[in-house]
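Student: Structure file data-v8.cif (mmCIF, C-alpha atoms and all ligand atoms) right here:
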```cif
data_run
loop_
_atom_site.label_atom_id
_atom_site.label_comp_id
_atom_site.auth_asym_id
_atom_site.auth_seq_id
_atom_site.Cartn_x
_atom_site.Cartn_y
_atom_site.Cartn_z
CA MET A 793 54.20 23.80 59.09
CA MET A 794 52.69 21.93 62.04
CA ARG A 795 50.63 23.95 64.43
CA LYS A 796 52.31 24.58 67.80
CA GLY A 797 50.73 22.99 70.81
CA ILE A 798 51.38 21.22 74.08
CA TRP A 799 52.23 17.99 72.20
CA GLN A 800 55.48 19.66 71.13
CA GLU A 801 56.69 18.93 74.63
CA PHE A 802 56.37 15.15 74.11
CA ASP A 803 59.42 13.00 73.43
CA GLY A 804 59.76 12.23 69.74
CA TYR A 805 57.50 15.06 68.61
CA GLU A 806 60.06 16.44 66.15
CA GLU A 807 60.61 13.03 64.49
CA ILE A 808 56.91 12.27 64.17
CA ALA A 809 56.18 15.76 62.80
CA GLY A 810 59.01 15.29 60.28
CA GLU A 811 57.61 11.95 59.15
CA ILE A 812 54.12 13.41 58.68
CA GLU A 813 55.58 16.28 56.69
CA ASN A 814 57.56 13.85 54.47
CA SER A 815 54.52 11.68 53.82
CA LEU A 816 52.48 14.76 52.87
CA TRP A 817 55.13 15.69 50.31
CA ALA A 818 55.15 12.08 49.05
CA ALA A 819 51.35 12.10 48.77
CA GLY A 820 51.43 15.35 46.79
CA GLU A 821 49.67 17.31 49.54
CA ARG A 822 52.73 19.54 49.67
CA SER A 823 54.34 20.52 46.43
CA PHE A 824 56.84 23.16 45.46
CA ASP A 825 54.08 25.11 43.66
CA LYS A 826 51.81 25.03 46.69
CA VAL A 827 54.60 26.14 49.00
CA LEU A 828 55.52 28.92 46.61
CA ALA A 829 51.90 30.00 46.29
CA ALA A 830 51.54 30.01 50.08
CA ARG A 831 54.62 32.23 50.36
CA TYR A 832 53.21 34.69 47.82
CA ILE A 833 49.88 34.77 49.61
CA GLN A 834 51.62 35.36 52.93
CA ARG A 835 53.63 38.18 51.34
CA LEU A 836 50.54 39.85 49.83
CA HIS A 837 48.09 39.18 52.67
CA PRO A 838 50.05 38.57 55.87
CA ARG A 839 47.94 37.60 58.83
CA GLN A 840 50.29 39.48 61.09
CA LEU A 841 52.21 42.60 60.35
CA LYS A 842 54.31 44.46 62.90
CA LEU A 843 54.53 48.18 62.29
CA ARG A 844 56.57 50.89 63.96
CA VAL A 845 55.34 54.45 64.39
CA VAL A 846 58.11 56.56 62.86
CA ASP A 847 56.34 59.91 62.69
CA VAL A 848 53.26 61.64 64.07
CA ILE A 849 51.80 64.54 62.09
CA GLN A 850 49.19 66.73 63.79
CA GLU A 851 46.71 67.48 60.99
CA THR A 852 44.03 69.36 62.96
CA PRO A 853 43.44 69.74 66.73
CA SER A 854 41.43 66.51 66.67
CA THR A 855 43.29 64.57 63.97
CA ARG A 856 46.74 63.10 63.62
CA THR A 857 48.49 60.98 61.02
CA LEU A 858 50.64 58.06 62.19
CA ARG A 859 53.39 57.07 59.77
CA LEU A 860 54.07 53.34 60.02
CA THR A 861 56.99 51.33 58.69
CA PRO A 862 57.41 47.54 58.73
CA VAL A 863 59.45 45.93 61.49
CA ASP A 864 60.53 42.64 60.00
CA ALA A 865 59.18 42.30 56.46
CA ALA A 866 58.44 44.47 53.44
CA LEU A 867 55.07 46.21 53.45
CA PRO A 868 52.46 44.34 51.42
CA PRO A 869 51.13 46.30 48.42
CA PHE A 870 47.66 47.87 48.51
CA LEU A 871 45.22 49.70 46.29
CA ALA A 872 44.39 53.34 47.02
CA GLY A 873 41.23 53.23 49.12
CA GLN A 874 42.05 50.08 51.11
CA TYR A 875 42.51 49.88 54.87
CA ILE A 876 44.53 47.99 57.44
CA PRO A 877 43.18 46.62 60.72
CA LEU A 878 45.02 47.66 63.88
CA TYR A 879 44.96 45.17 66.76
CA LEU A 880 45.17 47.02 70.04
CA THR A 881 45.19 46.24 73.75
CA ILE A 882 43.80 49.23 75.63
CA GLY A 883 43.34 49.12 79.39
CA GLY A 884 43.36 45.35 79.25
CA ILE A 885 40.75 45.19 76.47
CA ARG A 886 41.84 43.48 73.28
CA THR A 887 40.15 45.02 70.25
CA SER A 888 40.72 46.04 66.64
CA ARG A 889 39.90 48.95 64.35
CA PRO A 890 40.15 49.36 60.59
CA TYR A 891 41.92 52.50 59.30
CA SER A 892 42.07 53.55 55.66
CA ILE A 893 45.57 54.19 54.39
CA SER A 894 45.92 57.86 53.48
CA SER A 895 49.36 57.65 51.82
CA GLN A 896 49.56 56.69 48.19
CA PRO A 897 50.29 53.08 47.21
CA ARG A 898 53.15 53.51 44.74
CA GLN A 899 55.67 54.28 47.44
CA THR A 900 56.35 51.17 49.46
CA GLY A 901 58.27 52.51 52.45
CA PHE A 902 55.40 53.37 54.79
CA TYR A 903 51.66 53.47 55.40
CA ASP A 904 50.04 56.62 56.76
CA ILE A 905 46.85 56.25 58.73
CA THR A 906 44.95 59.34 59.79
CA VAL A 907 42.94 59.15 63.00
CA ARG A 908 40.28 61.55 64.22
CA ARG A 909 39.31 61.67 67.88
CA VAL A 910 35.81 60.33 68.52
CA PRO A 911 34.22 61.43 71.82
CA ASP A 912 34.43 58.36 74.12
CA GLY A 913 36.14 56.45 71.31
CA LEU A 914 38.31 53.79 72.94
CA ALA A 915 40.73 53.31 70.04
CA SER A 916 40.79 56.86 68.65
CA ASN A 917 41.58 58.40 72.05
CA TYR A 918 44.32 55.83 72.60
CA LEU A 919 45.86 56.51 69.19
CA MET A 920 45.55 60.27 69.72
CA ASP A 921 46.94 60.42 73.26
CA ASP A 922 49.04 57.39 74.07
CA VAL A 923 50.77 56.25 70.90
CA LYS A 924 54.21 57.81 70.41
CA ILE A 925 57.03 57.67 67.89
CA GLY A 926 58.86 54.37 68.30
CA ASN A 927 55.83 52.40 69.49
CA LEU A 928 54.97 49.11 67.80
CA LEU A 929 51.51 48.35 66.46
CA GLU A 930 50.05 45.05 65.29
CA SER A 931 48.23 44.83 62.02
CA ALA A 932 47.55 42.51 59.08
CA GLY A 933 47.61 42.85 55.31
CA PRO A 934 45.55 45.61 53.60
CA GLN A 935 41.89 44.81 52.97
CA GLY A 936 38.77 46.25 51.44
CA ASN A 937 36.92 46.77 48.16
CA PHE A 938 36.70 50.55 48.10
CA TYR A 939 39.02 51.37 45.23
CA PHE A 940 38.89 52.52 41.63
CA ASN A 941 38.42 49.70 39.15
CA PRO A 942 39.06 50.81 35.56
CA LEU A 943 36.87 47.99 34.22
CA PHE A 944 33.74 49.18 35.99
CA HIS A 945 34.19 52.81 37.00
CA ASP A 946 34.11 56.00 34.96
CA ASP A 947 37.34 57.95 34.68
CA HIS A 948 35.62 60.90 36.32
CA MET A 949 35.27 60.09 40.03
CA VAL A 950 32.98 62.20 42.18
CA CYS A 951 34.26 61.70 45.72
CA ILE A 952 31.92 62.67 48.55
CA ALA A 953 33.62 62.64 51.95
CA GLY A 954 32.60 63.56 55.48
CA GLY A 955 35.06 64.10 58.37
CA SER A 956 37.70 61.37 58.56
CA GLY A 957 36.08 59.74 55.51
CA ILE A 958 38.58 61.80 53.50
CA THR A 959 41.40 59.30 54.14
CA PRO A 960 40.83 56.79 51.29
CA PHE A 961 40.33 59.71 48.88
CA MET A 962 43.64 61.25 49.94
CA SER A 963 45.38 58.05 48.95
CA MET A 964 43.58 58.04 45.58
CA ILE A 965 44.23 61.73 44.86
CA ARG A 966 47.89 61.53 45.89
CA GLU A 967 48.38 58.55 43.60
CA ILE A 968 46.68 60.31 40.67
CA VAL A 969 48.76 63.47 40.93
CA GLU A 970 52.07 61.90 41.94
CA CYS A 971 51.88 59.24 39.24
CA GLY A 972 50.23 61.35 36.54
CA LEU A 973 47.22 59.03 36.16
CA ASP A 974 44.68 59.95 33.51
CA ARG A 975 41.69 60.31 35.83
CA THR A 976 39.53 63.21 36.96
CA VAL A 977 38.37 63.78 40.53
CA THR A 978 35.77 66.16 41.88
CA LEU A 979 35.99 66.04 45.67
CA LEU A 980 33.15 67.42 47.80
CA TYR A 981 34.27 67.33 51.40
CA GLY A 982 31.79 68.08 54.19
CA ASN A 983 32.77 69.21 57.68
CA ARG A 984 31.11 71.10 60.48
CA GLN A 985 33.68 73.91 60.56
CA LEU A 986 36.65 74.94 58.45
CA ASP A 987 39.00 74.04 61.32
CA ASP A 988 37.81 70.43 61.11
CA VAL A 989 38.88 70.01 57.48
CA ILE A 990 41.75 67.51 57.27
CA PHE A 991 44.40 68.01 54.53
CA HIS A 992 42.84 71.39 53.58
CA ASP A 993 46.10 73.11 52.57
CA GLU A 994 47.38 70.14 50.62
CA LEU A 995 44.08 69.73 48.79
CA GLU A 996 44.02 73.42 47.88
CA ARG A 997 47.58 73.20 46.57
CA ILE A 998 46.79 70.10 44.51
CA ALA A 999 43.60 71.61 43.05
CA ALA A 1000 45.46 74.81 42.11
CA ARG A 1001 48.16 72.85 40.32
CA PHE A 1002 46.26 70.00 38.63
CA ASP A 1003 43.36 70.65 36.25
CA ASN A 1004 41.96 67.16 36.76
CA ILE A 1005 41.42 67.64 40.52
CA THR A 1006 38.61 69.86 41.83
CA TYR A 1007 38.30 70.40 45.55
CA ILE A 1008 35.11 71.76 47.11
CA PRO A 1009 35.04 72.00 50.91
CA VAL A 1010 31.46 72.23 52.17
CA ILE A 1011 31.12 73.76 55.64
CA GLU A 1012 28.02 73.14 57.70
CA LYS A 1013 28.49 75.95 60.21
CA PRO A 1014 30.88 78.46 58.66
CA ALA A 1015 32.27 81.54 60.39
CA GLU A 1016 30.70 84.83 59.35
CA GLY A 1017 31.91 86.01 55.98
CA TYR A 1018 32.94 82.54 54.75
CA ARG A 1019 32.56 82.56 50.97
CA GLY A 1020 32.81 78.88 50.07
CA ALA A 1021 30.06 76.26 49.80
CA CYS A 1022 27.97 75.99 52.99
CA GLY A 1023 25.41 73.61 54.45
CA TYR A 1024 25.18 70.03 53.20
CA ILE A 1025 26.24 68.16 50.09
CA ASN A 1026 22.78 68.08 48.53
CA ALA A 1027 21.32 67.54 45.06
CA ALA A 1028 21.34 71.26 44.20
CA LEU A 1029 25.04 71.63 45.08
CA LEU A 1030 25.97 68.47 43.17
CA LYS A 1031 24.08 69.67 40.10
CA GLU A 1032 25.67 73.11 40.32
CA MET A 1033 29.20 71.78 40.74
CA LEU A 1034 29.04 68.84 38.37
CA GLY A 1035 26.73 69.99 35.58
CA ASP A 1036 26.29 66.92 33.41
CA LEU A 1037 25.99 63.89 35.69
CA GLN A 1038 26.63 61.32 32.97
CA GLY A 1039 29.95 59.49 32.75
CA LYS A 1040 30.73 59.83 36.43
CA THR A 1041 31.03 57.29 39.24
CA PHE A 1042 30.22 58.43 42.77
CA PHE A 1043 32.32 57.29 45.73
CA LEU A 1044 31.08 58.00 49.27
CA CYS A 1045 32.96 57.70 52.55
CA GLY A 1046 32.00 59.16 55.90
CA PRO A 1047 29.80 58.70 58.95
CA GLN A 1048 26.34 57.13 58.75
CA GLY A 1049 24.69 60.59 58.56
CA LEU A 1050 26.50 61.27 55.28
CA TYR A 1051 25.00 58.16 53.68
CA ASP A 1052 21.56 58.78 55.14
CA PHE A 1053 21.57 62.26 53.65
CA CYS A 1054 23.52 61.93 50.40
CA LEU A 1055 22.21 58.64 49.03
CA PRO A 1056 18.60 59.95 48.66
CA GLU A 1057 20.01 63.17 47.15
CA LEU A 1058 21.90 61.14 44.53
CA GLU A 1059 18.79 59.08 43.91
CA SER A 1060 16.76 62.26 43.39
CA LEU A 1061 19.23 63.21 40.65
CA GLY A 1062 18.57 59.90 38.92
CA ILE A 1063 22.04 58.45 39.61
CA GLU A 1064 21.83 54.70 39.16
CA ARG A 1065 22.77 52.57 42.17
CA ARG A 1066 25.48 50.82 40.16
CA LYS A 1067 27.21 54.19 39.73
CA ILE A 1068 27.55 54.65 43.48
CA ARG A 1069 30.28 53.06 45.62
CA LYS A 1070 29.98 53.35 49.36
CA GLU A 1071 32.74 52.58 51.86
CA MET A 1072 31.84 50.85 55.09
CA TYR A 1073 32.44 53.02 58.13
CA GLY A 1074 31.94 50.97 61.28
CA PRO A 1075 28.66 49.85 62.83
CA PRO A 1076 25.61 52.18 62.64
CA GLY A 1077 25.91 55.12 65.05
CA ASP A 1078 22.42 54.85 66.57
CA ILE A 1079 21.11 51.37 65.98
CA CYS A 1080 17.80 52.08 67.72
CA SER A 1081 16.78 54.49 64.97
CA TYR A 1082 17.58 51.93 62.29
CA PRO A 1083 14.69 50.68 60.13
CA GLY A 1084 13.29 47.49 61.64
CA TRP A 1085 14.61 48.04 65.18
CA PRO A 1086 11.88 46.83 67.61
CA GLU A 1087 10.33 49.83 69.38
CA GLU A 1088 9.94 48.01 72.70
CA ILE A 1089 13.72 47.51 73.09
CA ALA A 1090 15.78 50.43 74.43
CA ALA A 1091 19.52 50.85 73.85
CA GLU A 1092 20.16 50.48 77.60
CA ASP A 1093 18.28 47.19 77.98
CA ARG A 1094 20.59 44.40 79.10
CA PHE A 1095 20.61 40.75 78.16
CA THR A 1096 22.74 37.81 79.23
CA VAL A 1097 24.90 36.17 76.60
CA THR A 1098 25.97 32.65 77.52
CA LEU A 1099 28.83 31.01 75.65
CA LYS A 1100 28.88 27.30 74.96
CA ASP A 1101 31.65 26.86 77.54
CA GLY A 1102 29.45 28.41 80.23
CA ARG A 1103 30.99 31.91 80.42
CA THR A 1104 28.44 34.71 80.56
CA VAL A 1105 28.47 38.32 79.43
CA SER A 1106 26.01 41.08 80.26
CA ALA A 1107 25.37 42.85 76.94
CA ARG A 1108 23.54 46.11 76.23
CA ALA A 1109 21.03 46.02 73.38
CA GLY A 1110 22.46 49.16 71.76
CA VAL A 1111 26.05 47.89 71.68
CA PRO A 1112 27.41 45.48 69.04
CA LEU A 1113 27.76 41.98 70.42
CA LEU A 1114 31.44 41.97 69.41
CA VAL A 1115 32.15 44.97 71.66
CA SER A 1116 30.35 43.43 74.65
CA LEU A 1117 32.36 40.23 74.21
CA GLU A 1118 35.67 42.09 73.89
CA LYS A 1119 34.98 44.03 77.09
CA LYS A 1120 34.76 40.69 78.88
CA GLY A 1121 38.05 39.49 77.38
CA ILE A 1122 36.39 37.26 74.79
CA VAL A 1123 37.87 38.20 71.44
CA PRO A 1124 36.41 36.81 68.21
CA SER A 1125 38.54 37.57 65.14
CA SER A 1126 37.62 40.83 63.43
CA ILE A 1127 38.85 42.99 60.58
CA CYS A 1128 36.32 45.41 59.11
CA ARG A 1129 33.94 45.89 62.09
CA SER A 1130 31.31 46.97 59.57
CA GLY A 1131 29.58 43.68 58.76
CA GLU A 1132 31.43 43.04 55.49
CA CYS A 1133 34.32 40.62 56.00
CA SER A 1134 32.55 37.92 58.08
CA MET A 1135 35.62 37.37 60.29
CA CYS A 1136 33.65 38.05 63.48
CA ARG A 1137 30.83 35.62 62.85
CA VAL A 1138 29.40 33.71 65.81
CA LYS A 1139 26.69 31.09 65.89
CA VAL A 1140 23.51 32.01 67.75
CA LEU A 1141 22.24 28.82 69.39
CA SER A 1142 19.21 30.46 70.99
CA GLY A 1143 17.77 33.96 71.30
CA LYS A 1144 17.41 36.78 68.81
CA VAL A 1145 19.74 39.49 67.53
CA PHE A 1146 19.11 42.52 65.33
CA GLN A 1147 21.31 42.69 62.28
CA PRO A 1148 20.72 45.65 59.91
CA ALA A 1149 19.08 44.72 56.62
CA GLY A 1150 21.63 44.34 53.87
CA THR A 1151 24.41 42.92 56.08
CA PRO A 1152 26.19 40.59 53.65
CA VAL A 1153 25.85 37.31 55.52
CA ARG A 1154 26.43 34.17 53.44
CA ARG A 1155 23.26 32.20 52.75
CA SER A 1156 24.72 29.10 54.40
CA ASP A 1157 25.65 31.17 57.47
CA THR A 1158 22.09 32.46 57.77
CA ARG A 1159 20.80 28.92 57.41
CA TYR A 1160 22.96 27.63 60.25
CA GLY A 1161 22.43 30.59 62.57
CA TYR A 1162 25.68 32.53 62.12
CA VAL A 1163 25.66 36.32 62.50
CA HIS A 1164 28.32 39.00 62.13
CA SER A 1165 28.85 40.00 65.73
CA CYS A 1166 30.28 43.45 64.85
CA VAL A 1167 26.83 44.53 63.60
CA SER A 1168 24.58 42.25 65.67
CA TYR A 1169 22.69 43.55 68.71
CA PRO A 1170 21.05 41.32 71.33
CA LEU A 1171 17.27 41.55 71.57
CA GLU A 1172 16.91 38.67 74.06
CA ASP A 1173 19.12 36.53 76.25
CA LEU A 1174 21.44 34.63 73.93
CA GLU A 1175 23.36 31.39 73.80
CA ILE A 1176 26.20 31.59 71.33
CA MET A 1177 29.14 29.61 70.03
CA ILE A 1178 32.34 31.29 68.81
S1 LIG B 1201 34.63 42.24 61.55
FE1 LIG B 1201 34.14 42.11 59.45
S2 LIG B 1201 32.09 41.38 59.46
FE2 LIG B 1201 32.53 41.76 61.54
#
```
Please re-express this file's structure in structure tokens.
Tutor:
Amino acid sequence: MMRKGIWQEFDGYEEIAGEIENSLWAAGERSFDKVLAARYIQRLHPRQLKLRVVDVIQETPSTRTLRLTPVDAALPPFLAGQYIPLYLTIGGIRTSRPYSISSQPRQTGFYDITVRRVPDGLASNYLMDDVKIGNLLESAGPQGNFYFNPLFHDDHMVCIAGGSGITPFMSMIREIVECGLDRTVTLLYGNRQLDDVIFHDELERIAARFDNITYIPVIEKPAEGYRGACGYINAALLKEMLGDLQGKTFFLCGPQGLYDFCLPELESLGIERRKIRKEMYGPPGDICSYPGWPEEIAAEDRFTVTLKDGRTVSARAGVPLLVSLEKKGIVPSSICRSGECSMCRVKVLSGKVFQPAGTPVRRSDTRYGYVHSCVSYPLEDLEIMI
């Protein structure tokens, strides 16, 4: 298919486009197999997916589930643990957010996404307050690597969740119990208060009914008299609840604080790194406290970002470059917003950015100055190319 453009207005465009298409077929650049393959790829990984909100379920005072059905095509399949990006326009700002699918993948009629309100969160407040049944949302095919792989992972999954990090695990657990999969889950789910726990009743029901699912809510600040596990998900609690740590794979999903706390605890128990899977969860909360952040730069410091076409953006050091660009109406592609997918990469022509160690940037990208703008923070005035 030829790309649409202004030249479509020219006399004879259709004929010329047809001739080019025919010669590509003749030259073997188009073949039935390639067309078929492209159709399959489009079906499995559509670049655009229109979804309609058909139900809104209030899970807790600060959390709601949006049930989404397809508008004009079947829903692409996904693996429990994957997410979809939502493309949103909020107050004139075009942005995106990834949301894990919390429904289970063997039913193909809808996706559930479960959203928790984040104080000052542009997208979460919009999805909590403004989105209603009947609204349309833009998305793309499911993405992500946070799923159970029977070739590499033990059949006993230890799932460690914090806050809205429960969503991929709900999809996994629902699939296991609804499809009778031969897999064991021990879920440790940390929240500040019992009222914050999402899916609490359902998880209790599942754990009571299925021997292979254990559910342990861990409450940081419980009400007086609470008799369940309290405090944090630490090494002592893991040892007490799990006993033998062999033959188990650990899956973590939650805010940065969960990783900062739990990863050293797992390490102290001698869990090998290859036995730990960690879901991305957006950019770091407080980049200035990140190892390697230059002390002399404060989060509020401002720098000028100049694009190759001359447009300029005033960007705060403590805000991801992608966000500063979006606020100015400049919208690089983005999917994961966690540094993983590389969709948001921009080329830094001059100036310096901070990118957390371990951001998976391709070696060739590093060599030619590309950074992932969703996890890059300006440390100087920048010149960039998108
Ligand atoms: S949006 Fe995926 S790396 Fe930035």
Student: Rank A:Cys1136, A:Val923, A:Val1111, A:Val1153 by their smallest atom-to-atom distance to ligand LIG 1201 (chain B), using only C-alpha atoms and all ligand atoms, and report the top residue only.
Tutor: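 Once distances to ligand LIG 1201 (chain B) are computed over only C-alpha atoms and all ligand atoms, the minimum belongs to A:Cys1136.
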Student: Give me the residues near segment 881-893 of chain A as JSON, numbers by chain, where near means some atom within 8 Å (using all atoms listed in the file) and where sequence neighbours in that chain fewer than 2 positions away do not count.
Tutor: {"A": [872, 873, 874, 875, 876, 877, 878, 879, 895, 896, 903, 904, 905, 906, 907, 914, 915, 918, 959, 960, 963, 1118, 1119, 1120, 1121, 1123, 1126, 1127, 1128, 1129]}
Student: From the list A:Ala1015, A:Val950, A:Leu973, A:Ser1106, which residue is nearest Gly1035 of chain A when using all atoms listed in the file?
Tutor: A:Val950
Student: Rank A:Arg1069, A:Leu1141, A:Glu994, A:Ser1125 by their smallest atom-to-atom distance to Asn937 of chain A, using all atoms listed in the file, and report the top residue only.
Tutor: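 For Asn937 of chain A, the nearest of the given residues is A:Arg1069.
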Student: Could you list, as a PDB file with C-alpha atoms, in the coordinates of the input, every residue within 7 Å of Arg844 of chain A, counting only C-alpha atoms and ignoring same-chain residues fewer than 4 positions away?
Tutor:
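Output (around36.pdb):
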```
ATOM      1  CA  LEU A 860      54.070  53.340  60.020  1.00  0.00           C
ATOM      2  CA  THR A 861      56.990  51.330  58.690  1.00  0.00           C
ATOM      3  CA  PRO A 862      57.410  47.540  58.730  1.00  0.00           C
ATOM      4  CA  VAL A 863      59.450  45.930  61.490  1.00  0.00           C
ATOM      5  CA  GLY A 926      58.860  54.370  68.300  1.00  0.00           C
ATOM      6  CA  ASN A 927      55.830  52.400  69.490  1.00  0.00           C
ATOM      7  CA  LEU A 928      54.970  49.110  67.800  1.00  0.00           C
ATOM      8  CA  LEU A 929      51.510  48.350  66.460  1.00  0.00           C
TER       9      LEU A 929
END
```
